[in-house]
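Colleague: Sharing data_9.pdb here; it has PDB, C-alpha atoms and all ligand atoms.
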MODEL        1
ATOM      1  CA  MET A 223      69.744 -22.288-125.143  1.00  0.00           C
ATOM      2  CA  TYR A 224      66.639 -20.219-125.523  1.00  0.00           C
ATOM      3  CA  LEU A 225      63.782 -19.753-123.078  1.00  0.00           C
ATOM      4  CA  VAL A 226      60.127 -19.161-123.939  1.00  0.00           C
ATOM      5  CA  ILE A 227      58.110 -18.107-120.880  1.00  0.00           C
ATOM      6  CA  PHE A 228      54.323 -18.337-120.932  1.00  0.00           C
ATOM      7  CA  ASP A 229      51.678 -16.570-118.941  1.00  0.00           C
ATOM      8  CA  CYS A 230      48.708 -18.851-118.086  1.00  0.00           C
ATOM      9  CA  ASP A 231      45.348 -17.087-117.695  1.00  0.00           C
ATOM     10  CA  GLY A 232      44.275 -15.456-120.943  1.00  0.00           C
ATOM     11  CA  THR A 233      47.308 -16.816-122.787  1.00  0.00           C
ATOM     12  CA  LEU A 234      47.394 -20.625-122.501  1.00  0.00           C
ATOM     13  CA  ILE A 235      44.022 -21.196-120.870  1.00  0.00           C
ATOM     14  CA  ASP A 236      40.666 -19.504-121.191  1.00  0.00           C
ATOM     15  CA  SER A 237      39.925 -19.038-117.519  1.00  0.00           C
ATOM     16  CA  GLN A 238      37.499 -16.125-117.622  1.00  0.00           C
ATOM     17  CA  HIS A 239      34.492 -18.084-116.331  1.00  0.00           C
ATOM     18  CA  THR A 240      36.222 -19.541-113.313  1.00  0.00           C
ATOM     19  CA  ILE A 241      37.957 -16.233-112.567  1.00  0.00           C
ATOM     20  CA  LEU A 242      34.729 -14.225-112.761  1.00  0.00           C
ATOM     21  CA  HIS A 243      33.076 -16.730-110.458  1.00  0.00           C
ATOM     22  CA  GLY A 244      35.927 -16.404-107.953  1.00  0.00           C
ATOM     23  CA  LEU A 245      35.798 -12.602-108.106  1.00  0.00           C
ATOM     24  CA  GLU A 246      32.048 -12.674-107.482  1.00  0.00           C
ATOM     25  CA  VAL A 247      32.577 -14.815-104.410  1.00  0.00           C
ATOM     26  CA  GLY A 248      35.208 -12.348-103.204  1.00  0.00           C
ATOM     27  CA  PHE A 249      32.921  -9.328-103.638  1.00  0.00           C
ATOM     28  CA  ASP A 250      30.011 -11.192-102.013  1.00  0.00           C
ATOM     29  CA  ALA A 251      32.168 -12.065 -99.027  1.00  0.00           C
ATOM     30  CA  VAL A 252      32.619  -8.393 -98.111  1.00  0.00           C
ATOM     31  CA  GLY A 253      29.253  -7.101 -99.370  1.00  0.00           C
ATOM     32  CA  LEU A 254      30.604  -4.962-102.218  1.00  0.00           C
ATOM     33  CA  PRO A 255      29.050  -4.876-105.705  1.00  0.00           C
ATOM     34  CA  MET A 256      30.795  -6.839-108.456  1.00  0.00           C
ATOM     35  CA  PRO A 257      32.282  -4.568-111.153  1.00  0.00           C
ATOM     36  CA  ASP A 258      31.302  -5.002-114.802  1.00  0.00           C
ATOM     37  CA  ARG A 259      32.839  -7.892-116.708  1.00  0.00           C
ATOM     38  CA  GLN A 260      35.447  -5.925-118.632  1.00  0.00           C
ATOM     39  CA  THR A 261      36.688  -4.100-115.541  1.00  0.00           C
ATOM     40  CA  ALA A 262      36.772  -7.341-113.577  1.00  0.00           C
ATOM     41  CA  LEU A 263      38.814  -9.130-116.246  1.00  0.00           C
ATOM     42  CA  SER A 264      41.280  -6.252-116.603  1.00  0.00           C
ATOM     43  CA  ILE A 265      43.034  -7.358-113.412  1.00  0.00           C
ATOM     44  CA  VAL A 266      43.665 -10.930-114.542  1.00  0.00           C
ATOM     45  CA  GLY A 267      47.397 -11.478-114.375  1.00  0.00           C
ATOM     46  CA  LEU A 268      47.965  -9.594-111.152  1.00  0.00           C
ATOM     47  CA  SER A 269      48.414 -11.562-107.953  1.00  0.00           C
ATOM     48  CA  LEU A 270      45.165 -12.080-106.101  1.00  0.00           C
ATOM     49  CA  VAL A 271      45.414  -9.522-103.289  1.00  0.00           C
ATOM     50  CA  GLN A 272      46.737  -6.884-105.655  1.00  0.00           C
ATOM     51  CA  ALA A 273      43.949  -7.678-108.120  1.00  0.00           C
ATOM     52  CA  PHE A 274      41.260  -7.088-105.489  1.00  0.00           C
ATOM     53  CA  GLU A 275      43.036  -3.937-104.248  1.00  0.00           C
ATOM     54  CA  THR A 276      42.986  -2.574-107.786  1.00  0.00           C
ATOM     55  CA  LEU A 277      39.300  -3.369-108.238  1.00  0.00           C
ATOM     56  CA  VAL A 278      38.035  -1.932-104.929  1.00  0.00           C
ATOM     57  CA  GLY A 279      40.243   1.159-104.844  1.00  0.00           C
ATOM     58  CA  PRO A 280      42.214   2.674-101.957  1.00  0.00           C
ATOM     59  CA  LEU A 281      39.244   3.220 -99.612  1.00  0.00           C
ATOM     60  CA  ASN A 282      38.402  -0.486 -99.508  1.00  0.00           C
ATOM     61  CA  ALA A 283      41.875  -1.893-100.118  1.00  0.00           C
ATOM     62  CA  HIS A 284      41.982  -3.237 -96.557  1.00  0.00           C
ATOM     63  CA  LEU A 285      39.250  -5.729 -97.562  1.00  0.00           C
ATOM     64  CA  ALA A 286      41.388  -7.264-100.333  1.00  0.00           C
ATOM     65  CA  PRO A 287      43.042 -10.006 -98.227  1.00  0.00           C
ATOM     66  CA  ASP A 288      39.620 -11.308 -97.097  1.00  0.00           C
ATOM     67  CA  MET A 289      38.325 -11.178-100.661  1.00  0.00           C
ATOM     68  CA  ALA A 290      41.383 -13.080-101.894  1.00  0.00           C
ATOM     69  CA  GLN A 291      40.866 -15.720 -99.218  1.00  0.00           C
ATOM     70  CA  ALA A 292      37.206 -16.188-100.234  1.00  0.00           C
ATOM     71  CA  TYR A 293      38.333 -16.510-103.869  1.00  0.00           C
ATOM     72  CA  ARG A 294      40.920 -19.158-102.987  1.00  0.00           C
ATOM     73  CA  GLU A 295      38.442 -21.179-100.949  1.00  0.00           C
ATOM     74  CA  ALA A 296      35.882 -21.070-103.770  1.00  0.00           C
ATOM     75  CA  LYS A 297      38.517 -22.220-106.271  1.00  0.00           C
ATOM     76  CA  ILE A 298      39.583 -25.126-104.090  1.00  0.00           C
ATOM     77  CA  ALA A 299      35.980 -26.211-103.560  1.00  0.00           C
ATOM     78  CA  ARG A 300      35.285 -26.091-107.306  1.00  0.00           C
ATOM     79  CA  ARG A 301      38.483 -27.933-108.131  1.00  0.00           C
ATOM     80  CA  GLN A 302      37.447 -30.771-105.855  1.00  0.00           C
ATOM     81  CA  ILE A 303      34.235 -31.299-107.819  1.00  0.00           C
ATOM     82  CA  GLY A 304      35.956 -30.951-111.208  1.00  0.00           C
ATOM     83  CA  ALA A 305      34.231 -27.648-111.993  1.00  0.00           C
ATOM     84  CA  ASP A 306      37.448 -25.694-112.404  1.00  0.00           C
ATOM     85  CA  GLU A 307      38.826 -27.053-115.661  1.00  0.00           C
ATOM     86  CA  ASP A 308      39.699 -24.128-117.907  1.00  0.00           C
ATOM     87  CA  PRO A 309      40.176 -25.092-121.571  1.00  0.00           C
ATOM     88  CA  LEU A 310      43.390 -24.488-123.498  1.00  0.00           C
ATOM     89  CA  TYR A 311      43.009 -21.896-126.256  1.00  0.00           C
ATOM     90  CA  PRO A 312      42.797 -23.282-129.808  1.00  0.00           C
ATOM     91  CA  GLY A 313      46.205 -24.281-131.118  1.00  0.00           C
ATOM     92  CA  ALA A 314      47.940 -24.040-127.743  1.00  0.00           C
ATOM     93  CA  ARG A 315      48.827 -27.709-127.501  1.00  0.00           C
ATOM     94  CA  GLU A 316      50.073 -27.830-131.096  1.00  0.00           C
ATOM     95  CA  ALA A 317      52.217 -24.741-130.488  1.00  0.00           C
ATOM     96  CA  LEU A 318      53.725 -26.315-127.350  1.00  0.00           C
ATOM     97  CA  ASP A 319      54.349 -29.542-129.288  1.00  0.00           C
ATOM     98  CA  ARG A 320      56.141 -27.653-132.026  1.00  0.00           C
ATOM     99  CA  LEU A 321      58.383 -25.908-129.510  1.00  0.00           C
ATOM    100  CA  ARG A 322      59.144 -29.258-127.867  1.00  0.00           C
ATOM    101  CA  GLU A 323      60.645 -30.497-131.145  1.00  0.00           C
ATOM    102  CA  ARG A 324      63.480 -28.014-130.721  1.00  0.00           C
ATOM    103  CA  ASP A 325      66.119 -29.185-128.299  1.00  0.00           C
ATOM    104  CA  ASP A 326      67.537 -25.667-128.039  1.00  0.00           C
ATOM    105  CA  ILE A 327      64.336 -24.212-126.562  1.00  0.00           C
ATOM    106  CA  LEU A 328      63.265 -24.480-122.934  1.00  0.00           C
ATOM    107  CA  LEU A 329      59.754 -23.588-121.811  1.00  0.00           C
ATOM    108  CA  GLY A 330      58.732 -21.805-118.646  1.00  0.00           C
ATOM    109  CA  ILE A 331      55.711 -20.328-116.898  1.00  0.00           C
ATOM    110  CA  ALA A 332      55.357 -16.961-115.155  1.00  0.00           C
ATOM    111  CA  THR A 333      51.899 -16.421-113.721  1.00  0.00           C
ATOM    112  CA  GLY A 334      49.951 -14.551-111.104  1.00  0.00           C
ATOM    113  CA  LYS A 335      48.314 -17.876-110.243  1.00  0.00           C
ATOM    114  CA  ALA A 336      49.295 -19.806-107.152  1.00  0.00           C
ATOM    115  CA  ARG A 337      51.485 -22.883-107.685  1.00  0.00           C
ATOM    116  CA  ARG A 338      48.492 -25.017-106.715  1.00  0.00           C
ATOM    117  CA  GLY A 339      46.532 -23.517-109.610  1.00  0.00           C
ATOM    118  CA  VAL A 340      49.363 -24.138-112.075  1.00  0.00           C
ATOM    119  CA  ASP A 341      49.692 -27.759-110.958  1.00  0.00           C
ATOM    120  CA  HIS A 342      45.951 -28.181-111.436  1.00  0.00           C
ATOM    121  CA  MET A 343      46.216 -26.800-114.984  1.00  0.00           C
ATOM    122  CA  LEU A 344      49.132 -29.146-115.759  1.00  0.00           C
ATOM    123  CA  ASP A 345      47.092 -32.086-114.383  1.00  0.00           C
ATOM    124  CA  VAL A 346      43.947 -31.225-116.332  1.00  0.00           C
ATOM    125  CA  HIS A 347      45.784 -30.847-119.651  1.00  0.00           C
ATOM    126  CA  ASP A 348      48.462 -33.483-119.106  1.00  0.00           C
ATOM    127  CA  LEU A 349      51.265 -30.951-119.501  1.00  0.00           C
ATOM    128  CA  HIS A 350      53.573 -32.059-116.696  1.00  0.00           C
ATOM    129  CA  GLY A 351      57.225 -32.011-117.671  1.00  0.00           C
ATOM    130  CA  ARG A 352      56.831 -29.445-120.440  1.00  0.00           C
ATOM    131  CA  PHE A 353      57.904 -26.423-118.394  1.00  0.00           C
ATOM    132  CA  VAL A 354      61.320 -26.540-116.787  1.00  0.00           C
ATOM    133  CA  THR A 355      60.829 -23.400-114.723  1.00  0.00           C
ATOM    134  CA  ILE A 356      57.533 -22.402-113.108  1.00  0.00           C
ATOM    135  CA  GLN A 357      57.235 -19.020-111.394  1.00  0.00           C
ATOM    136  CA  THR A 358      54.093 -18.188-109.436  1.00  0.00           C
ATOM    137  CA  ALA A 359      52.536 -15.733-107.028  1.00  0.00           C
ATOM    138  CA  ASP A 360      53.650 -18.008-104.177  1.00  0.00           C
ATOM    139  CA  THR A 361      57.283 -16.943-104.461  1.00  0.00           C
ATOM    140  CA  SER A 362      57.338 -13.665-106.403  1.00  0.00           C
ATOM    141  CA  PRO A 363      55.797 -10.213-106.179  1.00  0.00           C
ATOM    142  CA  SER A 364      52.966  -9.483-108.612  1.00  0.00           C
ATOM    143  CA  LYS A 365      53.639  -8.643-112.257  1.00  0.00           C
ATOM    144  CA  PRO A 366      54.943  -6.292-113.616  1.00  0.00           C
ATOM    145  CA  HIS A 367      57.777  -6.695-111.108  1.00  0.00           C
ATOM    146  CA  PRO A 368      60.496  -8.598-113.015  1.00  0.00           C
ATOM    147  CA  ASP A 369      61.230 -11.095-110.233  1.00  0.00           C
ATOM    148  CA  MET A 370      59.541 -14.019-112.016  1.00  0.00           C
ATOM    149  CA  ILE A 371      61.532 -13.380-115.191  1.00  0.00           C
ATOM    150  CA  LEU A 372      64.800 -13.058-113.283  1.00  0.00           C
ATOM    151  CA  ARG A 373      64.139 -16.293-111.398  1.00  0.00           C
ATOM    152  CA  ALA A 374      63.273 -18.132-114.616  1.00  0.00           C
ATOM    153  CA  LEU A 375      66.504 -16.945-116.247  1.00  0.00           C
ATOM    154  CA  SER A 376      68.533 -17.841-113.204  1.00  0.00           C
ATOM    155  CA  GLU A 377      66.982 -21.316-112.870  1.00  0.00           C
ATOM    156  CA  THR A 378      67.609 -22.160-116.523  1.00  0.00           C
ATOM    157  CA  GLY A 379      70.903 -20.332-117.009  1.00  0.00           C
ATOM    158  CA  VAL A 380      69.529 -18.652-120.132  1.00  0.00           C
ATOM    159  CA  GLU A 381      70.606 -15.076-120.886  1.00  0.00           C
ATOM    160  CA  ALA A 382      67.919 -12.405-120.980  1.00  0.00           C
ATOM    161  CA  ASP A 383      68.434 -11.622-124.664  1.00  0.00           C
ATOM    162  CA  LYS A 384      67.711 -15.263-125.501  1.00  0.00           C
ATOM    163  CA  ALA A 385      64.330 -15.289-123.777  1.00  0.00           C
ATOM    164  CA  VAL A 386      60.823 -14.179-124.733  1.00  0.00           C
ATOM    165  CA  MET A 387      57.724 -13.718-122.595  1.00  0.00           C
ATOM    166  CA  ILE A 388      54.335 -14.602-124.106  1.00  0.00           C
ATOM    167  CA  GLY A 389      51.356 -12.911-122.461  1.00  0.00           C
ATOM    168  CA  ASP A 390      47.964 -11.294-122.893  1.00  0.00           C
ATOM    169  CA  THR A 391      48.314  -8.266-120.611  1.00  0.00           C
ATOM    170  CA  THR A 392      50.317  -5.079-120.271  1.00  0.00           C
ATOM    171  CA  PHE A 393      51.605  -6.522-116.968  1.00  0.00           C
ATOM    172  CA  ASP A 394      53.333  -9.298-118.948  1.00  0.00           C
ATOM    173  CA  MET A 395      54.842  -6.863-121.454  1.00  0.00           C
ATOM    174  CA  GLU A 396      56.121  -4.544-118.723  1.00  0.00           C
ATOM    175  CA  MET A 397      57.508  -7.444-116.693  1.00  0.00           C
ATOM    176  CA  ALA A 398      59.328  -8.830-119.737  1.00  0.00           C
ATOM    177  CA  LEU A 399      60.966  -5.491-120.497  1.00  0.00           C
ATOM    178  CA  ALA A 400      61.871  -4.912-116.854  1.00  0.00           C
ATOM    179  CA  GLY A 401      63.636  -8.299-116.988  1.00  0.00           C
ATOM    180  CA  ARG A 402      65.340  -7.295-120.282  1.00  0.00           C
ATOM    181  CA  THR A 403      63.544  -9.997-122.237  1.00  0.00           C
ATOM    182  CA  GLN A 404      61.358  -9.545-125.323  1.00  0.00           C
ATOM    183  CA  PRO A 405      57.594  -9.429-124.869  1.00  0.00           C
ATOM    184  CA  ILE A 406      55.238 -11.047-127.391  1.00  0.00           C
ATOM    185  CA  GLY A 407      51.552 -10.239-126.925  1.00  0.00           C
ATOM    186  CA  VAL A 408      48.546 -12.416-127.723  1.00  0.00           C
ATOM    187  CA  SER A 409      45.295 -10.820-128.869  1.00  0.00           C
ATOM    188  CA  TRP A 410      42.870 -13.394-127.443  1.00  0.00           C
ATOM    189  CA  GLY A 411      43.258 -12.550-123.768  1.00  0.00           C
ATOM    190  CA  TYR A 412      42.093  -9.806-121.413  1.00  0.00           C
ATOM    191  CA  HIS A 413      43.864  -6.640-122.604  1.00  0.00           C
ATOM    192  CA  GLU A 414      43.467  -4.682-125.863  1.00  0.00           C
ATOM    193  CA  VAL A 415      46.039  -5.088-128.632  1.00  0.00           C
ATOM    194  CA  ASP A 416      46.756  -1.341-128.656  1.00  0.00           C
ATOM    195  CA  ALA A 417      47.505  -1.433-124.943  1.00  0.00           C
ATOM    196  CA  LEU A 418      49.884  -4.359-125.468  1.00  0.00           C
ATOM    197  CA  ARG A 419      51.716  -2.481-128.208  1.00  0.00           C
ATOM    198  CA  ARG A 420      51.911   0.692-126.121  1.00  0.00           C
ATOM    199  CA  SER A 421      53.399  -1.246-123.231  1.00  0.00           C
ATOM    200  CA  GLY A 422      56.177  -2.589-125.434  1.00  0.00           C
ATOM    201  CA  ALA A 423      55.038  -5.753-127.220  1.00  0.00           C
ATOM    202  CA  VAL A 424      57.536  -6.555-129.962  1.00  0.00           C
ATOM    203  CA  ASN A 425      54.754  -8.346-131.789  1.00  0.00           C
ATOM    204  CA  VAL A 426      51.125  -9.252-131.091  1.00  0.00           C
ATOM    205  CA  ILE A 427      49.885 -12.543-132.527  1.00  0.00           C
ATOM    206  CA  ASN A 428      46.261 -13.381-133.317  1.00  0.00           C
ATOM    207  CA  HIS A 429      46.471 -17.174-133.213  1.00  0.00           C
ATOM    208  CA  PHE A 430      48.801 -19.789-131.755  1.00  0.00           C
ATOM    209  CA  ASP A 431      49.684 -20.685-135.385  1.00  0.00           C
ATOM    210  CA  GLU A 432      51.730 -17.499-135.502  1.00  0.00           C
ATOM    211  CA  LEU A 433      53.667 -18.155-132.315  1.00  0.00           C
ATOM    212  CA  PHE A 434      56.613 -20.110-133.647  1.00  0.00           C
ATOM    213  CA  ASP A 435      57.397 -17.602-136.394  1.00  0.00           C
ATOM    214  CA  SER A 436      57.111 -14.721-133.969  1.00  0.00           C
ATOM    215  CA  ILE A 437      59.489 -16.400-131.527  1.00  0.00           C
ATOM    216  CA  SER A 438      61.876 -17.250-134.377  1.00  0.00           C
ATOM    217  CA  GLU A 439      61.956 -13.651-135.454  1.00  0.00           C
ATOM    218  CA  CYS A 440      62.544 -12.274-131.953  1.00  0.00           C
ATOM    219  CA  LEU A 441      65.260 -14.754-131.087  1.00  0.00           C
ATOM    220  CA  LYS A 442      66.697 -15.024-134.629  1.00  0.00           C
ATOM    221  CA  LEU A 443      66.427 -18.797-134.497  1.00  0.00           C
ATOM    222  CA  ASN A 444      67.872 -21.055-137.133  1.00  0.00           C
ATOM    223  CA  ARG A 445      65.093 -22.671-139.095  1.00  0.00           C
ATOM    224  CA  GLU A 446      66.411 -26.157-138.498  1.00  0.00           C
ATOM    225  CA  PRO A 447      66.553 -27.545-134.962  1.00  0.00           C
ATOM    226  CA  ALA A 448      70.020 -27.148-133.486  1.00  0.00           C
TER     227      ALA A 448
HETATM  228 MG    MG A 501      47.237 -13.412-118.485  1.00  0.00          MG
ENDMDL
END
Could you express the structure from this file as structure tokens?
Modeller:
Amino acid sequence: MYLVIFDCDGTLIDSQHTILHGLEVGFDAVGLPMPDRQTALSIVGLSLVQAFETLVGPLNAHLAPDMAQAYREAKIARRQIGADEDPLYPGAREALDRLRERDDILLGIATGKARRGVDHMLDVHDLHGRFVTIQTADTSPSKPHPDMILRALSETGVEADKAVMIGDTTFDMEMALAGRTQPIGVSWGYHEVDALRRSGAVNVINHFDELFDSISECLKLNREPA
């Protein structure tokens, strides 16, 4: 069996608007100025407290837990009014469908989101049952620590050299390598392609159309379903 692990934010779903809103609420809550958009989005993929710590720097790092709490509360409030529905990127559903046709490929998720956020995404896009292993910030340290990869491998019984990690940030690439799996980058997320390559991406794809071939190449899949 093979395992294809997906990141969520910036890879499957375009969550920049809801994330920026949450970050703004966090900065407001402690009276600090919001960083510029590009800086703010560079932390997407880290777990929430670590993301705020990175953005505010060591002098204000003690404020990060309060900022994270304000972010979570804002997310929950928006979810309840249906204002927190991040769209899938173009081609994502088709790519997931194509992978589902193979009975030798399992799908997983490894994300800095909370489990609650992942469940919400699965609800909104009717994707329940697609991912057999779901690793979140609730039970693992932040990327790039390999814990989420190791848990996904252990839960599925797939060997590391038969797994790939699909993500948009250097944190994903570094995590994949630390877990001895192959990282595939996507160009449509929150980190630059050059940065993804420098951090070890085996390949960087520009559209979900390219995903299956990239996975095939990394895992040396047979062309016909097993
Ligand atoms: Mg991401």
Colleague: Which one is closest to Asp390 of chain A: A:Ile303, A:Ala283, A:Val278, A:Val266? Count only C-alpha atoms.
Modeller: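 Closest residue, counting only C-alpha atoms: A:Val266.
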Colleague: Would you give me, as CSV, each residue of chain A having an atom within 6 Å of an atom of ligand MG 501 (chain A), along with its shortest atom pair and that distance in Å to one decimal, using only C-alpha atoms and all ligand atoms and sorting by chain and residue number?
Modeller:
residue,atom,partner,partner_atom,distance
A:Asp229,CA,A:MG501,MG,5.5
A:Cys230,CA,A:MG501,MG,5.6
A:Asp231,CA,A:MG501,MG,4.2
A:Gly232,CA,A:MG501,MG,4.4
A:Thr233,CA,A:MG501,MG,5.5
A:Val266,CA,A:MG501,MG,5.9
A:Gly267,CA,A:MG501,MG,4.5
A:Gly389,CA,A:MG501,MG,5.7
A:Asp390,CA,A:MG501,MG,4.9
A:Thr391,CA,A:MG501,MG,5.7
Colleague: Go through A:Gly244, A:Pro405, A:Gly304, A:Gly330 and flag the residue nearest Met370 of chain A, using all atoms listed in the file for the distances.
Modeller: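 Closest residue, counting all atoms listed in the file: A:Gly330.
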Colleague: List the residues matched by the PyMOL selection byres (((chain A and resi 367) around 9) and not hetatm) in the displayed structure as a ChimeraX atom specification, ordered by chain and then by residue number.
Modeller: /A:362-366,368-371,393,396-397,400-401
Colleague: Please indicate the distance in Å from atom CA of Leu285 of chain A to atom CA of Asp360 of chain A, rounded to one decimal place.
Modeller: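 Atom CA of Leu285 of chain A sits 20.0 Å away from atom CA of Asp360 of chain A.
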Colleague: Between A:Ile437, A:Val271, A:Ile298, A:Ala417, which residue has the minimum interatomic distance to His342 of chain A, considering only C-alpha atoms?
Modeller: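 With only C-alpha atoms as the atom set, the closest residue is A:Ile298.
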